[in-house]
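**Q** Sharing a structure, written as structure tokens. Questions coming.
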4 protein chains.
Amino acid sequence: MKGYSYPLSPDGRASLVPPPPWHYSGDFLIVEYRTNPDGVIALLPPELEPADDPGAVAAIFADWQSCSDDFHEIVDPIQCQYREFFLVIGGKYKGQPVSRCAYIWVDKDFAMFRGYIQGFPKKLGSIHITRVFPCGKATPKIAPGGRFGATCTANDRQIARAVVTLRQISKEGPKVNAPPMYNTRHFPAASGLRPDVFELVRAGGYDREFSECWEGDAELRLYDDTIEDLQAIAPKEIIKGYRFSFGYSVDGVTVVAQHDKEMLLR
Amino acid sequence: MKGYSYPLSPDGRASLVPPPPWHYSGDFLIVEYRTNPDGVIALLPPELEPADDPGAVAAIFADWQSCSDDFHEIVDPIQCQYREFFLVIGGKYKGQPVSRCAYIWVDKDFAMFRGYIQGFPKKLGSIHITRVFPCGKATPKIAPGGRFGATCTANDRQIARAVVTLRQISKEGPKVNAPPMYNTRHFPAASGLRPDVFELVRAGGYDREFSECWEGDAELRLYDDTIEDLQAIAPKEIIKGYRFSFGYSVDGVTVVAQHDKEMLLR
Amino acid sequence: MKGYSYPLSPDGRASLVPPPPWHYSGDFLIVEYRTNPDGVIALLPPELEPADDPGAVAAIFADWQSCSDDFHEIVDPIQCQYREFFLVIGGKYKGQPVSRCAYIWVDKDFAMFRGYIQGFPKKLGSIHITRVFPCGKATPKIAPGGRFGATCTANDRQIARAVVTLRQISKEGPKVNAPPMYNTRHFPAASGLRPDVFELVRAGGYDREFSECWEGDAELRLYDDTIEDLQAIAPKEIIKGYRFSFGYSVDGVTVVAQHDKEMLLR
Amino acid sequence: MKGYSYPLSPDGRASLVPPPPWHYSGDFLIVEYRTNPDGVIALLPPELEPADDPGAVAAIFADWQSCSDDFHEIVDPIQCQYREFFLVIGGKYKGQPVSRCAYIWVDKDFAMFRGYIQGFPKKLGSIHITRVFPCGKATPKIAPGGRFGATCTANDRQIARAVVTLRQISKEGPKVNAPPMYNTRHFPAASGLRPDVFELVRAGGYDREFSECWEGDAELRLYDDTIEDLQAIAPKEIIKGYRFSFGYSVDGVTVVAQHDKEMLLR
């Protein structure tokens with residue numbers, strides 16, 4: 001019985017997620033906005049303090065290919081392509097700015113489970129993001145006036161809809177998700193409410209590569225009939241929209257602290 | 001930050017899986033068959049010995065509704081309905097017959113994660129199973145000659161196809177999955193190959209309710225172009241097909257032993 | 001080159017829809033409501049006059065199995081199972097009450113195209129409807145207090161959500177969809193806006209079989225962010241909810257009149 | 001009641017397919033191969049004669065964005081993105097080389113119906129095609145050695161799997177699908193087997209734009225457990241693989257001949 005993840009099998013090749021490192025290539029559409037800071041602060045674990053801009057949130061749509069270290073998934077694209085939508089908030093850890101994924105939806109099982117390993121609280125969802133094509137008229141251009149849309153729906157409930165209109169190359173790029181990401185790894189026990197795994201982790205990554213980043217005007221709607229309380233962090237003020245490409249590699253995350261498991265029993 | 005499972009949230013209601021107990025109602029289509037015993041034995045963890053009929057396997061298609069203890073999912077059926085296909089093998093634990101889920105595919109995220117908690121190594125798949133309707137001609141009857149089909153496809157690769165033709169009420173019912181199920185809970189660490197959780201668990205359940213069980217002739221094909229090595233446990237001899245309904249409730253699983261985590265490092 | 005429908009092939013077996021007759025078995029959940037009569041009347045073709053209860057609408061969720069005359073789809077259930085949601089309005093044709101399908105969403109291609117042949121203006125959607133199971137607690141009972149829910153989402157936009165709570169056996173059953181259904185068959189031309197097919201048809205069917213019909217309280221929401229203008233026929237007053245099973249067979253529809261093709265050029 | 005296609009509605013905006021022109025931007029992966037010429041010839045209508053290379057077939061995977069003339073779909077990407085897989089054969093019409101779509105699968109309803117209007121015999125399927133990303137390692141490069149894969153599955157049955165390894169810029173590009181496409185428009189009648197629409201059409205298009213075309217080695221498998229008889233046109237010899245981008249606009253198709261409707265009654 002071998003393997004890095006479920007299902008374990010005689011030769012280990014059946015694993016839903018192959019062992020790290022994992023390589024990622026993606027296109028990003030981000031809308032930064034401000035909401036009621038109380039809604040954000042309520043999503044922070046006790047180890048994290050509020051950010052300097054405590055109500056700032058990044059709504060991130062990402063269109064990915066990823067693979068393991070032998071690249072075999074690249075020629076079986078159903079195993080490498082996925083899209084996700086996540087809401088990233090800010091905070092501080094020991095006085096330093098951090099980011100944190102509050103909610104996230106993704107459209108493939110391997111990406112869902114690989115997310116659990118890294119502390120992303122993923123659910124399945126359906127995500128669509130406008131793409132750029134080299135030919136024809138049915139594509140925006142990466143140029144002033146280029147318009148990109150994105151939607152996320154989960155459990156057949158609408159989660160989010162965004163539109164970004166490019167205006168210029170961004171000098172600074174998006175801010176909310178720029179600091180290191182501090183997520184929580186969590187795995188329930190065989191019985192009872194006290195989890196087996198409950199720890200604060202810092203995401204890493206190496207061989208980061210960025211395209212030029214474009215910025216512009218943005219619209220964002222978070223819907224009201226969702227299982228998650230998204231109205232508590234609904235947009236009150238749009239900051240800006242961004243569009244860029246990004247690639248990196250990941251070899252696990254670093255445990256920073258053990259959360260207090262009693263917290264989940266109250 | 002509260003909740004039984006990802007994502008944790010201020011009031012805990014965003015959890016993908018609400019806390020147990022969980023209630024289940026389902027229809028089952030099973031094909032029992034024999035394969036090369038070596039293929040089965042290779043799927044057992046060291047704590048389990050081969051079964052008396054060591055090559056026997058149950059290919060199980062299940063069509064479920066499930067809910068948590070306040071039943072709120074029942075009126076939002078996308079949250080309660082799912083289908084799954086699993087391959088169950090036999091073994092012995094301390095001399096007593098047990099069953100074990102070797103591979104399993106399911107079509108919803110909540111059922112996937114709830115499976116992980118109970119030691120089911122679930123991947124996403126697309127499962128279809130013939131149903132019985134009260135009116136019209138487009139339905140089999142639960143009677144001699146009634147024909148039921150089922151298919152499972154995952155990652156756009158065909159996994160299994162079965163047909164069962166009912167002949168009579170079954171006195172004994174299916175055998176392979178009758179003993180208590182001993183699965184393995186597994187959750188990777190933040191980094192490295194040594195998992196954080198790796199333990200043998202015994203499934204339980206209470207308030208079990210069965211319909212009459214019908215049995216009959218069966219066909220089963222496991223496909224050859226799969227990520228999992230299903231040819232190692234492909235049917236050599238069909239035993240019998242079964243069709244019945246079943247309901248029960250579950251309040252977690254019982255830890256029986258800790259597996260040796262070194263096993264996964266070799 | 002043979003076949004009843006696309007794709008034509010040397011032996012005709014590749015057709016998306018096999019030739020009629022088609023057999024159907026289904027479970028129904030219906031919410032009858034009243035809206036602004038103007039919204040309904042705007043959906044009638046010139047050949048139909050307003051109904052006596054001109055603002056009455058039936059929101060119908062149906063959970064089907066269907067097959068062609070050799071029943072081969074029954075053992076390949078992905079080819080026979082589908083769910084749909086449709087909005088049925090009333091009218092009169094030559095003074096007699098009729099019904100008409102204004103909008104409809106379905107989750108399979110064969111049902112979509114078979115609908116076109118019969119004059120149902122189908123789009124793809126995702127539809128979920130609470131089911132009844134024989135065992136366990138995760139199922140409503142067909143008895144006073146039994147609660148059934150249903151949802152429809154299309155293009156990742158929420159269309160409808162309903163809940164029906166059974167109170168008693170219904171003496172009269174649903175009314176809006178009871179009269180013969182008069183739909184419009186429409187198929188565009190190779191070029192230009194004047195369609196090749198544009199005709200009023202009357203649905204038929206034979207060997208109709210009904211279960212007992214239950215009725216009760218109902219809730220219905222039609223959503224506001226849809227491609228279709230559903231707010232024009234949004235519920236103002238709920239009449240009643242219904243739940244029953246139904247089966248029948250269909251051998252095409254009857255052409256009643258040719259619509260004026262000029263109507264679509266204006 | 002207005003609109004270009006189903007469903008007709010008071011303002012016409014509910015149509016599944018908006019009126020032409022339609023604009024398209026796409027990426028293509030093609031494997032050309034030779035099969036038994038009899039298998040190809042059996043797929044030609046009487047109006048078309050065999051091609052000079054009568055067993056040549058193009059297996060085409062296309063990854064599209066498309067929109068109508070106001071471009072509104074571009075910012076709601078679920079309405080503009082789709083993927084398809086089609087098998088294109090060759091023939092001659094009045095002595096001139098033509099191409100023809102024998103089978104095609106697509107993953108969206110609007111593209112399915114727009115295909116019917118143009119004579120493409122579309123079914124729903126699930127199609128995946130390796131993409132190129134600007135950053136990171138999880139992407140092939142458009143350069144010698146770049147590897148692209150693609151799969152198609154429909155009705156949960158595997159249809160096709162291909163891999164293309166780029167070797168060089170192609171001087172001539174793909175040949176089978178280069179001549180004008182002659183498809184058949186077909187729409188069944190309200191009852192009976194004689195269709196209402198059954199005509200040979202020539203596809204057009206304008207504002208065509210091509211990227212550089214790359215060619216290389218290719219593998220292709222057509223599967224054996226399909227509803228369509230794909231084994232009759234299974235690859236016997238691989239010619240070459242191609243990868244390029246393409247865009248164009250379409251304003252309907254041109255009717256070339258009426259097929260003999262009696263042909264479908266035999």
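Order determines the names: the first chain of the structure tokens is A, the second B, and so forth; residues in each chain are numbered 1 upward, and ligands are numbered 1 upward as they are shown.
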For B:Gly3, work out the shell of residues within 8 Å, counting only C-alpha atoms and skipping chain neighbours fewer than 2 positions away, then give it as a list in words.
**A** Leu264 of chain A; Met1, Ser5, Tyr6, Pro7, Leu8, Ser9, Asp11, Gly12, Arg13, Ala14, Ser15 and Pro18 of chain B
**Q** Output the contact residues of chain D with respect to chain B at a cut-off of 10 Å, based on only C-alpha atoms, as a PDB file with N, CA and C atoms, in the first residue's frame.
**A**
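So the final result, stored in result.pdb, reads:
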```pdb
ATOM      1  N   GLY D 125     -20.602  16.686 -25.286  1.00  0.00           N
ATOM      2  CA  GLY D 125     -19.474  15.887 -24.839  1.00  0.00           C
ATOM      3  C   GLY D 125     -18.618  16.714 -23.918  1.00  0.00           C
ATOM      4  N   SER D 126     -17.616  16.080 -23.366  1.00  0.00           N
ATOM      5  CA  SER D 126     -16.646  16.745 -22.499  1.00  0.00           C
ATOM      6  C   SER D 126     -15.313  16.698 -23.223  1.00  0.00           C
ATOM      7  N   ILE D 127     -14.752  17.876 -23.502  1.00  0.00           N
ATOM      8  CA  ILE D 127     -13.533  17.959 -24.310  1.00  0.00           C
ATOM      9  C   ILE D 127     -12.474  18.729 -23.513  1.00  0.00           C
ATOM     10  N   HIS D 128     -11.263  18.231 -23.516  1.00  0.00           N
ATOM     11  CA  HIS D 128     -10.149  18.915 -22.847  1.00  0.00           C
ATOM     12  C   HIS D 128      -8.965  18.983 -23.798  1.00  0.00           C
ATOM     13  N   THR D 151      -8.638  15.126 -25.105  1.00  0.00           N
ATOM     14  CA  THR D 151      -9.551  13.999 -24.934  1.00  0.00           C
ATOM     15  C   THR D 151     -10.981  14.449 -25.196  1.00  0.00           C
ATOM     16  N   CYS D 152     -11.805  13.478 -25.603  1.00  0.00           N
ATOM     17  CA  CYS D 152     -13.248  13.706 -25.735  1.00  0.00           C
ATOM     18  C   CYS D 152     -13.978  12.500 -25.172  1.00  0.00           C
ATOM     19  N   THR D 153     -14.978  12.779 -24.324  1.00  0.00           N
ATOM     20  CA  THR D 153     -15.836  11.745 -23.738  1.00  0.00           C
ATOM     21  C   THR D 153     -17.271  12.231 -23.856  1.00  0.00           C
ATOM     22  N   ALA D 154     -18.188  11.331 -24.212  1.00  0.00           N
ATOM     23  CA  ALA D 154     -19.594  11.734 -24.345  1.00  0.00           C
ATOM     24  C   ALA D 154     -20.474  10.621 -23.804  1.00  0.00           C
ATOM     25  N   ASN D 155     -21.564  11.006 -23.131  1.00  0.00           N
ATOM     26  CA  ASN D 155     -22.401  10.001 -22.486  1.00  0.00           C
ATOM     27  C   ASN D 155     -21.573   9.121 -21.562  1.00  0.00           C
ATOM     28  N   ASP D 156     -20.523   9.684 -20.989  1.00  0.00           N
ATOM     29  CA  ASP D 156     -19.588   8.950 -20.129  1.00  0.00           C
ATOM     30  C   ASP D 156     -18.909   7.789 -20.847  1.00  0.00           C
ATOM     31  N   ARG D 157     -18.851   7.868 -22.183  1.00  0.00           N
ATOM     32  CA  ARG D 157     -18.097   6.899 -22.987  1.00  0.00           C
ATOM     33  C   ARG D 157     -16.915   7.636 -23.618  1.00  0.00           C
ATOM     34  N   GLN D 158     -15.730   7.031 -23.532  1.00  0.00           N
ATOM     35  CA  GLN D 158     -14.565   7.656 -24.140  1.00  0.00           C
ATOM     36  C   GLN D 158     -14.688   7.636 -25.650  1.00  0.00           C
ATOM     37  N   ILE D 159     -14.446   8.782 -26.278  1.00  0.00           N
ATOM     38  CA  ILE D 159     -14.517   8.926 -27.724  1.00  0.00           C
ATOM     39  C   ILE D 159     -13.118   8.919 -28.324  1.00  0.00           C
ATOM     40  N   ASP D 225     -16.190   1.529 -27.379  1.00  0.00           N
ATOM     41  CA  ASP D 225     -17.468   1.326 -26.688  1.00  0.00           C
ATOM     42  C   ASP D 225     -18.327   2.576 -26.839  1.00  0.00           C
TER      43      ASP D 225
END
```
**Q** Least-squares superposition of chain C on chain B, every Cα paired in order: what RMSD, in Å?
**A**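 Once chain C is fitted onto chain B, the C-alpha RMSD works out to 0.0 Å.
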**Q** Identify all residues of stretch 16-213 of chain C in helix (DSSP H, G or I) (DSSP on the backbone) and supply them as a ChimeraX atom specification.
**A** /C:37-41,72-75,77-79,109-118
**Q** In terms of the shortest atom-to-atom distance over only C-alpha atoms, which of A:Val197, A:Val31, A:Asn177, A:Gln65 is closest to A:Arg221?
**A** A:Val31
**Q** For D:Lys122, which residue among D:Lys141, D:Arg266, D:Lys171, D:Arg83 is the nearest when counting only C-alpha atoms?
**A** D:Arg83
**Q** Can you tell me which residues surround stretch 55-62 of chain D at a distance of at most 6 Å, considering only C-alpha atoms, apart from same-chain residues fewer than 4 positions away, and format the answer as a list of chain:residue names?
**A**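 Counting only the stated atoms, we get D:Asp27, D:Phe28, D:Leu29, D:Ile30, D:Val31, D:Glu32, D:Tyr33, D:Arg34, D:Thr35, D:Asn36, D:Pro37, D:Arg83, D:Glu84, D:Phe85, D:Phe86, D:Leu87, D:Val88, D:Ile89, D:Val176.
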**Q** For C:Gly39, find every residue with an atom within 10 Å (counting only C-alpha atoms), except residues of its own chain fewer than 3 positions away, and show them as a ChimeraX atom specification.
**A** /C:35-36,42-44,54-55,229-234 /D:10
**Q** Selection from above, N, CA, C and O atoms, as a PDB file, in the first residue's frame, can you write it?
**A**
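The resulting file, selection-v5.pdb, is reproduced below:
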```
ATOM      1  N   THR C  35     -49.164  35.645 -11.443  1.00  0.00           N
ATOM      2  CA  THR C  35     -48.290  36.780 -11.701  1.00  0.00           C
ATOM      3  C   THR C  35     -49.112  37.855 -12.396  1.00  0.00           C
ATOM      4  O   THR C  35     -50.327  37.697 -12.596  1.00  0.00           O
ATOM      5  N   ASN C  36     -48.447  38.921 -12.782  1.00  0.00           N
ATOM      6  CA  ASN C  36     -49.081  39.971 -13.572  1.00  0.00           C
ATOM      7  C   ASN C  36     -49.555  39.372 -14.903  1.00  0.00           C
ATOM      8  O   ASN C  36     -48.737  38.874 -15.688  1.00  0.00           O
ATOM      9  N   ALA C  42     -47.958  38.427 -22.866  1.00  0.00           N
ATOM     10  CA  ALA C  42     -46.864  38.787 -23.782  1.00  0.00           C
ATOM     11  C   ALA C  42     -46.122  37.561 -24.296  1.00  0.00           C
ATOM     12  O   ALA C  42     -45.352  37.652 -25.249  1.00  0.00           O
ATOM     13  N   LEU C  43     -46.334  36.421 -23.656  1.00  0.00           N
ATOM     14  CA  LEU C  43     -45.649  35.191 -24.072  1.00  0.00           C
ATOM     15  C   LEU C  43     -46.510  34.321 -24.994  1.00  0.00           C
ATOM     16  O   LEU C  43     -46.073  33.250 -25.422  1.00  0.00           O
ATOM     17  N   LEU C  44     -47.738  34.767 -25.282  1.00  0.00           N
ATOM     18  CA  LEU C  44     -48.620  33.976 -26.154  1.00  0.00           C
ATOM     19  C   LEU C  44     -48.417  34.362 -27.620  1.00  0.00           C
ATOM     20  O   LEU C  44     -48.244  35.534 -27.932  1.00  0.00           O
ATOM     21  N   PRO C  54     -55.861  34.593 -16.312  1.00  0.00           N
ATOM     22  CA  PRO C  54     -54.798  34.922 -17.262  1.00  0.00           C
ATOM     23  C   PRO C  54     -53.411  35.054 -16.649  1.00  0.00           C
ATOM     24  O   PRO C  54     -52.421  35.002 -17.364  1.00  0.00           O
ATOM     25  N   GLY C  55     -53.320  35.207 -15.326  1.00  0.00           N
ATOM     26  CA  GLY C  55     -52.004  35.360 -14.709  1.00  0.00           C
ATOM     27  C   GLY C  55     -51.504  34.071 -14.063  1.00  0.00           C
ATOM     28  O   GLY C  55     -50.447  34.073 -13.428  1.00  0.00           O
ATOM     29  N   ASP C 229     -36.302  37.135 -19.161  1.00  0.00           N
ATOM     30  CA  ASP C 229     -36.921  38.118 -18.271  1.00  0.00           C
ATOM     31  C   ASP C 229     -37.943  37.415 -17.377  1.00  0.00           C
ATOM     32  O   ASP C 229     -39.154  37.478 -17.622  1.00  0.00           O
ATOM     33  N   LEU C 230     -37.455  36.749 -16.331  1.00  0.00           N
ATOM     34  CA  LEU C 230     -38.359  36.014 -15.442  1.00  0.00           C
ATOM     35  C   LEU C 230     -39.076  36.933 -14.466  1.00  0.00           C
ATOM     36  O   LEU C 230     -40.108  36.555 -13.907  1.00  0.00           O
ATOM     37  N   GLN C 231     -38.562  38.133 -14.262  1.00  0.00           N
ATOM     38  CA  GLN C 231     -39.257  39.054 -13.351  1.00  0.00           C
ATOM     39  C   GLN C 231     -40.602  39.486 -13.923  1.00  0.00           C
ATOM     40  O   GLN C 231     -41.517  39.838 -13.171  1.00  0.00           O
ATOM     41  N   ALA C 232     -40.744  39.414 -15.238  1.00  0.00           N
ATOM     42  CA  ALA C 232     -42.026  39.770 -15.864  1.00  0.00           C
ATOM     43  C   ALA C 232     -43.122  38.769 -15.512  1.00  0.00           C
ATOM     44  O   ALA C 232     -44.312  39.077 -15.635  1.00  0.00           O
ATOM     45  N   ILE C 233     -42.729  37.573 -15.079  1.00  0.00           N
ATOM     46  CA  ILE C 233     -43.720  36.572 -14.673  1.00  0.00           C
ATOM     47  C   ILE C 233     -43.403  36.037 -13.269  1.00  0.00           C
ATOM     48  O   ILE C 233     -43.694  34.884 -12.940  1.00  0.00           O
ATOM     49  N   ALA C 234     -42.817  36.895 -12.436  1.00  0.00           N
ATOM     50  CA  ALA C 234     -42.470  36.471 -11.071  1.00  0.00           C
ATOM     51  C   ALA C 234     -43.736  36.274 -10.231  1.00  0.00           C
ATOM     52  O   ALA C 234     -44.750  36.931 -10.458  1.00  0.00           O
TER      53      ALA C 234
ATOM     54  N   PRO D  10     -40.909  38.069 -25.442  1.00  0.00           N
ATOM     55  CA  PRO D  10     -41.444  39.374 -25.843  1.00  0.00           C
ATOM     56  C   PRO D  10     -40.403  40.300 -26.476  1.00  0.00           C
ATOM     57  O   PRO D  10     -40.701  41.005 -27.437  1.00  0.00           O
TER      58      PRO D  10
END
```
**Q** Mind checking which residues fall within 10 Å of B:Phe246, counting only C-alpha atoms, ignoring those fewer than 3 positions away in the same chain, and posting them as an MDAnalysis selection string?
**A** (chainID B and resid 24:28 62 64 208:213) or (chainID C and resid 133:136)
**Q** Mind writing the picked residues with C-alpha atoms as a short mmCIF file (atom, residue, chain, number, x, y, z; two decimals), in the first residue's frame?
**A**
```
data_model
loop_
_atom_site.label_atom_id
_atom_site.label_comp_id
_atom_site.auth_asym_id
_atom_site.auth_seq_id
_atom_site.Cartn_x
_atom_site.Cartn_y
_atom_site.Cartn_z
CA TYR B 24 -28.48 8.13 4.66
CA SER B 25 -31.15 6.68 2.35
CA GLY B 26 -30.04 4.82 -0.74
CA ASP B 27 -30.64 2.33 -3.54
CA PHE B 28 -27.93 -0.24 -4.28
CA ALA B 62 -25.17 3.49 -4.78
CA TRP B 64 -28.02 8.28 -2.17
CA ARG B 208 -30.09 0.27 9.77
CA GLU B 209 -33.08 -0.42 7.56
CA PHE B 210 -33.17 -2.76 4.55
CA SER B 211 -35.69 -3.41 1.81
CA GLU B 212 -36.21 -6.85 0.34
CA CYS B 213 -33.06 -7.79 -1.61
CA PHE C 133 -36.41 6.51 -0.89
CA PRO C 134 -37.83 3.34 0.71
CA CYS C 135 -35.42 3.20 3.70
CA GLY C 136 -33.63 5.48 6.14
#
```
**Q** Just the strand (DSSP E) stuff from stretch 31-158 of chain A, please, per backbone DSSP, written as a ChimeraX atom specification.
**A** /A:31-34,49-50,56-68,81-93,96-106,122-124,126-129,147-154,157-158
**Q** Could you list, as a count of residues only, every residue within 10 Å of D:Asp69, counting only C-alpha atoms and ignoring same-chain residues fewer than 6 positions away?
**A** 9
